[in-house]
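Heads up: the structure comes next, in structure tokens.
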Amino acid sequence: MHTHTFLLCLSFLAGMDCVEEEVDFNWEEYLEETGATAAPHTSFRHVELSLQSSFQPGMKLEVANKGSLDTYWVAIIITTCGQLLLLRYCGYGDDRKADFWCDVMTAELHPVGWCAQNNKTLQPPKAVKEKNSDWTEFLIKELTGSRTAPANLLEGVRMTFVFMSILICLVYKSNCGWMSLCFSLSLSDLCDLRSSSEWTEALDEATAKALKSPLPLEVFKDHADLHTHSFRAGMKLEMVSPKEPFHICPVSVTKVYNEYYFQITVDDLRAEATPTCVVCHADSPGIQPVQWCLKNGVGLERPQGFESQDFDWADYLKHTGTEAAPDVCFPNASQNRSFCKDMWLEAVNPLQPSELCVARITQVKGRLLWLRLEGLTKPLPDCIVDVESMNIFPVGWCEANGCPLTHLLKTVCESYGLFYVCFTYLLHSLPIIPSELCIYRLVNGKYSCSQLFINHRCFSGPYLNKGRIAELPKAVGPGKCAVVLKEILTMLINSAYKPGRVLRELQMVEDPQWNCQEETLKAKYKGKSYRSNMRIVRTADQVSEFCRRVCERLQCCLNLFGPTIVSDKCPENCFSQTKTKYTYYKKRKVGRPSLGENAQDGDMTKPARRRKKRKAIFVQKKRRTSIVGYQTTESPQTESFEEEDRLVLERNPLEWSVSDVVDFITSTDCASLAKIFQEQDIDGQALLLLTLPTVQECMDLKLGPAIKLCHQIERVKVAFYSQFAN
């Protein structure tokens with residue numbers, strides 16, 4: 001019966017209408033959750049080379065002085081990372097506190113001696129200026145025997161820009177986009193865009209610019225020397241399709257330029273076919289010997305226009321009267337650079353070169369990889385790339401370089417609600433009924449949680465405004481644990497009297513055993529912005545405890561938010577108590593007057609000495625600041641006025657409920673503020689504690705209305721002390 005029930009549920013799930021939507025993607029989470037493996041960083045040779053630099057630690061150069069305009073100082077290279085240099089001004093010794101990064105592409109860097117040649121001032125930074133009395137002698141000692149960054153290396157960095165401008169000029173002359181030139185156009189396509197004379201003119205212009213500003217050899221330090229090739233015109237081979245890199249097809253060598261370069265054309269036997277040609281060299285990616293596909297169990301796309309459905313190389317070579325390129329022409333056919341099946345990486349979409357996608361290796365054959373691109377709205381066949389391709393990158397490359405990454409798509413079923421109801425109903429036949437969280441995790445995994453509820457009726461504590469809490473949604477989620485929790489915490493922060501205080505309290509919620517990720521929480525209050533970093537749990541099994549800890553820290557009901565929904569009665573019995581009483585009995589942290597400890601029983605008996613002390617304090621305050629209690633000088637009010645404004649109470653205000661307080665405020669000229677007292681659960685005891693600063697801060701009132709309200713509150717205080725304190 002149980003097996004039948006479970007299979008029935010799964011069959012129902014399989015029959016639902018589902019759609020795919022983009023979800024927040026985190027490589028670390030994904031790899032941990034799925035147990036997948038990232039391709040090693042060392043497998044991406046072009047990325048490894050890009051992180052190297054001809055600048056070496058210990059080299060010295062002259063750098064603009066940050067502390068003084070138009071002055072320079074000598075700095076030493078501490079370390080390098082690609083085009084970034086970590087520098088330290090000479091004079092700091094081993095002190096690392098002033099180390100700074102600069103980009104060699106944009107920073108003003110010069111070889112040692114440049115300032116002297118150009119009449120520029122060398123001046124030490126202010127922080128070390130007093131450390132040495134003779135800086136000239138210091139520099140002589142510092143630079144003697146040291147290595148300086150070569151002038152041609154520093155100039156070479158700038159020449160790169162000139163070189164790029166030449167290329168762009170060339171591309172502009174051809175009237176096509178740079179990305180199209182790199183990824184889409186074949187040789188014949190490019191040649192046809194302009195006449196021979198126009199190409200000659202563009203080449204002459206680019207050459208003239210290059211002669212004026214030649215690139216130093218340092219720019220080509222990573223450029224590998226080409227091997228000579230052994231190809232002859234007419235030879236056949238196999239190659240990844242240049243235009244559609246999803247299959248391998250037969251190609252022919254149609255022209256040999258020199259010992260390094262030759263032209264390959266995709267075989268197409270149709271009479272009207274437009275040739276697809278590419279220029280190659282001996283180490284070009286994607287070229288393979290004849291029969292390579294057959295030996296590696298890979299399908300070979302037959303040539304367009306080839307009549308037979310079955311392609312056989314022997315018959316094809318005989319039919320075309322050509323020869324296969326010998327194996328000696330392919331020196332590096334077996335290199336795989338440690339890539340393995342099911343490894344993950346980031347890759348360029350061959351049909352949309354500006355898009356980088358999450359990708360999985362589906363198979364590895366020799367030096368070719370088959371990649372499944374994830375997250376595309378229209379799926380593509382597995383694309384084929386060479387292990388040396390510059391269109392593949394290690395996991396995390398996009399994030400590190402600020403490039404957008406096309407995320408995975410998650411299947412979401414439109415009938416999930418119906419499935420959930422049926423699933424829950426059917427599972428009632430099981431001996432143990434799973435919770436909603438278990439059901440949700442069955443579909444979504446350990447990093448996702450079910451809905452978290454905001455129980456509006458629960459006690460909101462001293463930090464949160466109950467009126468604002470009431471405006472929040474009743475539930476948030478389901479979704480990723482960290483995302484759902486961050487959303488709720490942001491709502492609570494913006495529902496606080498003082499968001500900055502709540503941010504500080506939330507920073508204290510932490511447990512070393514939790515599996516957390518750091519998130520930045522933000523808030524605005526009275527025109528000011530606040531932000532704070534908080535560690536939020538990532539796994540569903542820790543969400544409940546995290547919510548409870550947050551509620552404890554905010555001194556509110558433990559069920560104010562979390563996986564428990566409160567309908568009629570809170571298990572903490574919080575909303576049957578007033579704000580004052582709940583805080584006093586449950587927390588005992590908020591300073592309430594001991595006068596109200598037994599107010600619920602009507603017993604106002606207190607030690608005489610304490611009553612005298614309370615009355616004396618009030619009388620002293622009355623003499624100094626008047627009845628209203630907000631003037632700082634002697635009150636100008638007359639005694640007769642006091643008599644006319646005096647309030648007579650029928651019941652002790654310590655016994656007033658929230659409704660009694662609201663009724664009183666409604667009967668005064670502050671009736672428009674009665675709603676605030678209702679929303680914030682202010683009973684009689686809390687009313688007697690209100691002062692002008694408290695009213696302004698907690699009720700967010702301007703000075704005028706706050707003074708007006710405090711006058712009414714002081715009337716109650718006077719009546720209390722005159723009628724009930726004795």
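Letters A, B, ... go to the chains of the structure tokens in the order shown; residues in each chain start at 1; ligands are counted from 1 in the same order.
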As a PDB file with N, CA and C atoms, in the first residue's frame, please: the residues near region 31-48 of chain A (cut-off 8 Å, only C-alpha atoms, same-chain neighbours under 4 positions excluded).
```pdb
ATOM      1  N   TRP A  27      27.996  28.705  -7.650  1.00  0.00           N
ATOM      2  CA  TRP A  27      28.776  27.528  -8.024  1.00  0.00           C
ATOM      3  C   TRP A  27      29.074  26.631  -6.827  1.00  0.00           C
ATOM      4  N   GLN A  52      49.901  35.561 -15.701  1.00  0.00           N
ATOM      5  CA  GLN A  52      51.338  35.790 -15.604  1.00  0.00           C
ATOM      6  C   GLN A  52      51.685  37.166 -16.150  1.00  0.00           C
ATOM      7  N   ARG A 337      44.663  17.516 -21.408  1.00  0.00           N
ATOM      8  CA  ARG A 337      44.877  18.513 -20.346  1.00  0.00           C
ATOM      9  C   ARG A 337      44.038  18.236 -19.094  1.00  0.00           C
ATOM     10  N   SER A 338      43.834  16.973 -18.754  1.00  0.00           N
ATOM     11  CA  SER A 338      43.173  16.541 -17.500  1.00  0.00           C
ATOM     12  C   SER A 338      41.678  16.813 -17.460  1.00  0.00           C
ATOM     13  N   PHE A 339      41.062  17.141 -18.595  1.00  0.00           N
ATOM     14  CA  PHE A 339      39.608  17.256 -18.619  1.00  0.00           C
ATOM     15  C   PHE A 339      38.994  15.857 -18.591  1.00  0.00           C
ATOM     16  N   CYS A 340      37.871  15.716 -17.867  1.00  0.00           N
ATOM     17  CA  CYS A 340      37.184  14.428 -17.770  1.00  0.00           C
ATOM     18  C   CYS A 340      35.678  14.624 -17.963  1.00  0.00           C
ATOM     19  N   ASP A 342      31.833  14.811 -17.271  1.00  0.00           N
ATOM     20  CA  ASP A 342      30.997  15.301 -16.163  1.00  0.00           C
ATOM     21  C   ASP A 342      31.650  16.394 -15.325  1.00  0.00           C
ATOM     22  N   MET A 343      32.797  16.876 -15.752  1.00  0.00           N
ATOM     23  CA  MET A 343      33.348  18.071 -15.101  1.00  0.00           C
ATOM     24  C   MET A 343      32.572  19.304 -15.569  1.00  0.00           C
ATOM     25  N   TRP A 344      32.589  20.352 -14.725  1.00  0.00           N
ATOM     26  CA  TRP A 344      31.835  21.571 -15.029  1.00  0.00           C
ATOM     27  C   TRP A 344      32.782  22.741 -15.263  1.00  0.00           C
ATOM     28  N   LEU A 345      32.337  23.658 -16.111  1.00  0.00           N
ATOM     29  CA  LEU A 345      33.134  24.835 -16.443  1.00  0.00           C
ATOM     30  C   LEU A 345      32.209  25.930 -16.980  1.00  0.00           C
ATOM     31  N   VAL A 387      40.729  21.379 -26.409  1.00  0.00           N
ATOM     32  CA  VAL A 387      41.172  21.589 -25.028  1.00  0.00           C
ATOM     33  C   VAL A 387      41.940  22.895 -24.861  1.00  0.00           C
ATOM     34  N   GLU A 388      42.500  23.431 -25.960  1.00  0.00           N
ATOM     35  CA  GLU A 388      43.234  24.692 -25.909  1.00  0.00           C
ATOM     36  C   GLU A 388      42.347  25.877 -26.297  1.00  0.00           C
ATOM     37  N   MET A 390      40.105  29.093 -26.422  1.00  0.00           N
ATOM     38  CA  MET A 390      40.054  30.283 -25.572  1.00  0.00           C
ATOM     39  C   MET A 390      38.613  30.683 -25.286  1.00  0.00           C
ATOM     40  N   ILE A 392      36.648  28.617 -23.405  1.00  0.00           N
ATOM     41  CA  ILE A 392      36.257  27.890 -22.194  1.00  0.00           C
ATOM     42  C   ILE A 392      37.042  28.454 -21.006  1.00  0.00           C
ATOM     43  N   PHE A 393      36.378  28.471 -19.832  1.00  0.00           N
ATOM     44  CA  PHE A 393      36.947  29.108 -18.647  1.00  0.00           C
ATOM     45  C   PHE A 393      36.629  28.278 -17.409  1.00  0.00           C
ATOM     46  N   PRO A 394      37.450  28.387 -16.369  1.00  0.00           N
ATOM     47  CA  PRO A 394      37.197  27.616 -15.148  1.00  0.00           C
ATOM     48  C   PRO A 394      35.989  28.149 -14.391  1.00  0.00           C
ATOM     49  N   VAL A 395      35.436  27.324 -13.519  1.00  0.00           N
ATOM     50  CA  VAL A 395      34.323  27.711 -12.651  1.00  0.00           C
ATOM     51  C   VAL A 395      34.697  28.956 -11.851  1.00  0.00           C
ATOM     52  N   GLY A 445      15.557  19.876  -2.522  1.00  0.00           N
ATOM     53  CA  GLY A 445      16.898  19.715  -1.991  1.00  0.00           C
ATOM     54  C   GLY A 445      17.131  20.434  -0.686  1.00  0.00           C
ATOM     55  N   LYS A 446      18.305  20.186  -0.103  1.00  0.00           N
ATOM     56  CA  LYS A 446      18.565  20.640   1.269  1.00  0.00           C
ATOM     57  C   LYS A 446      18.809  22.131   1.376  1.00  0.00           C
ATOM     58  N   TYR A 447      19.081  22.817   0.274  1.00  0.00           N
ATOM     59  CA  TYR A 447      19.324  24.253   0.346  1.00  0.00           C
ATOM     60  C   TYR A 447      18.048  25.077   0.152  1.00  0.00           C
TER      61      TYR A 447
END
```
| task | Find the residues near region 263-279 of chain A: any atom within 10 Å, counting only C-alpha atoms, skip ones fewer than 3 places away on the same chain, and give them as a PyMOL selection string. | result | chain A and resi 185-189+231+233-243+249-257+284+287+302-307
| request: Write out as a ChimeraX atom specification the residues lying within 10 Å of Val550 (chain A), counting only C-alpha atoms and excluding same-chain residues fewer than 2 positions away. | output: /A:489,505-510,545-548,552-556,558,560-562
Please dump the current selection as a compact mmCIF listing (two decimals), in the first residue's frame; keep C-alpha atoms.
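As a result, part_2.txt now contains:
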```txt
# COMPACT_ATOMS: atom_id res chain seq x y z
CA LEU A 489 15.05 39.90 7.85
CA GLU A 505 21.27 42.97 17.25
CA LEU A 506 21.10 40.67 14.21
CA GLN A 507 24.88 40.64 13.93
CA MET A 508 24.96 38.86 17.28
CA VAL A 509 22.91 35.92 15.97
CA GLU A 510 25.53 33.31 15.14
CA GLU A 545 16.63 27.22 14.97
CA PHE A 546 17.91 30.32 13.17
CA CYS A 547 14.45 31.92 13.26
CA ARG A 548 14.11 31.13 16.97
CA GLU A 552 15.13 35.72 21.07
CA ARG A 553 17.59 38.44 20.12
CA LEU A 554 14.81 40.83 19.17
CA GLN A 555 12.93 40.00 22.43
CA CYS A 556 9.76 39.17 20.52
CA LEU A 558 9.45 33.02 19.33
CA LEU A 560 6.70 35.97 15.28
CA PHE A 561 8.27 34.48 12.14
CA GLY A 562 9.39 31.01 11.19
```
| Shell of 8 Å around Ala523 (chain A), only C-alpha atoms, local chain residues under 2 positions omitted, as a list of chain:residue names | A:Thr490, A:Ile493, A:Asn494, A:Pro499, A:Gly500, A:Leu521, A:Tyr525, A:Ser529, A:Tyr530, A:Arg531
| request: Would you list, as a VMD selection string, the residues of region 243-459 of chain A that end up in alpha helix (DSSP H) under DSSP run on this structure's backbone? | output: chain A and resid 292 to 295 313 to 320 397 to 401 416 to 427 436 to 444
| request: Skip region 128-141 of chain A itself and residues of its chain fewer than 3 positions away, then list as a list in words all residues within 8 Å of it, counting only C-alpha atoms. | output: Gly91, Tyr92, Pro124, Pro125 and Thr144 of chain A
| query | With only C-alpha atoms as the atoms that count, which of A:Cys670, A:Met699, A:Ala719, A:Leu226 lies nearest to Leu649 (chain A)? | reply | A:Ala719
| field | Which of A:Pro214, A:Val566, A:Val358, A:Pro245 sits closest to Leu452 (chain A) [using only C-alpha atoms] | value | A:Val566
| task | Would you mind listing what lies within 8 Å of Glu487 (chain A) as a PyMOL selection string, with only C-alpha atoms counted and same-chain residues fewer than 4 positions away left out? | result | chain A and resi 476+483+491
How would the residues just chosen look if you wrote them out with all heavy atoms as a short mmCIF file (atom, residue, chain, number, x, y, z; two decimals), in the first residue's frame?
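Okay, part-v1.cif is ready:
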```cif
data_model
loop_
_atom_site.label_atom_id
_atom_site.label_comp_id
_atom_site.auth_asym_id
_atom_site.auth_seq_id
_atom_site.Cartn_x
_atom_site.Cartn_y
_atom_site.Cartn_z
N VAL A 476 6.57 34.15 3.29
CA VAL A 476 7.60 34.36 2.27
C VAL A 476 8.16 32.99 1.90
O VAL A 476 8.41 32.16 2.76
CB VAL A 476 8.75 35.26 2.80
CG1 VAL A 476 9.83 35.42 1.74
CG2 VAL A 476 8.21 36.62 3.21
N VAL A 483 17.99 33.08 0.63
CA VAL A 483 17.22 34.12 -0.06
C VAL A 483 15.94 34.44 0.72
O VAL A 483 15.60 35.61 0.93
CB VAL A 483 16.88 33.67 -1.49
CG1 VAL A 483 15.95 34.68 -2.17
CG2 VAL A 483 18.15 33.50 -2.31
N MET A 491 12.59 42.78 5.79
CA MET A 491 11.26 43.29 6.16
C MET A 491 11.22 43.68 7.64
O MET A 491 10.69 44.73 8.00
CB MET A 491 10.19 42.22 5.88
CG MET A 491 9.95 41.93 4.42
SD MET A 491 8.71 40.63 4.25
CE MET A 491 8.60 40.51 2.47
#
```
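Counting only C-alpha atoms and comparing A:Ala210, A:Leu408, A:Leu122, A:Ala127, the residue that lies closest to Asp95 (chain A) is A:Ala127.
Nearest residue to Cys481 (chain A), choosing from A:Val104, A:Glu29, A:Leu143, A:Leu688 and counting only C-alpha atoms: A:Glu29.
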| task | Excluding region 678-682 of chain A and any residue of its chain fewer than 5 positions from it, enumerate the residues within 12 Å of it, using only C-alpha atoms, and give them as a ChimeraX atom specification. | result | /A:456-471,496-497,574-583,653-654,656-666,671-673,687-690,695,698-699
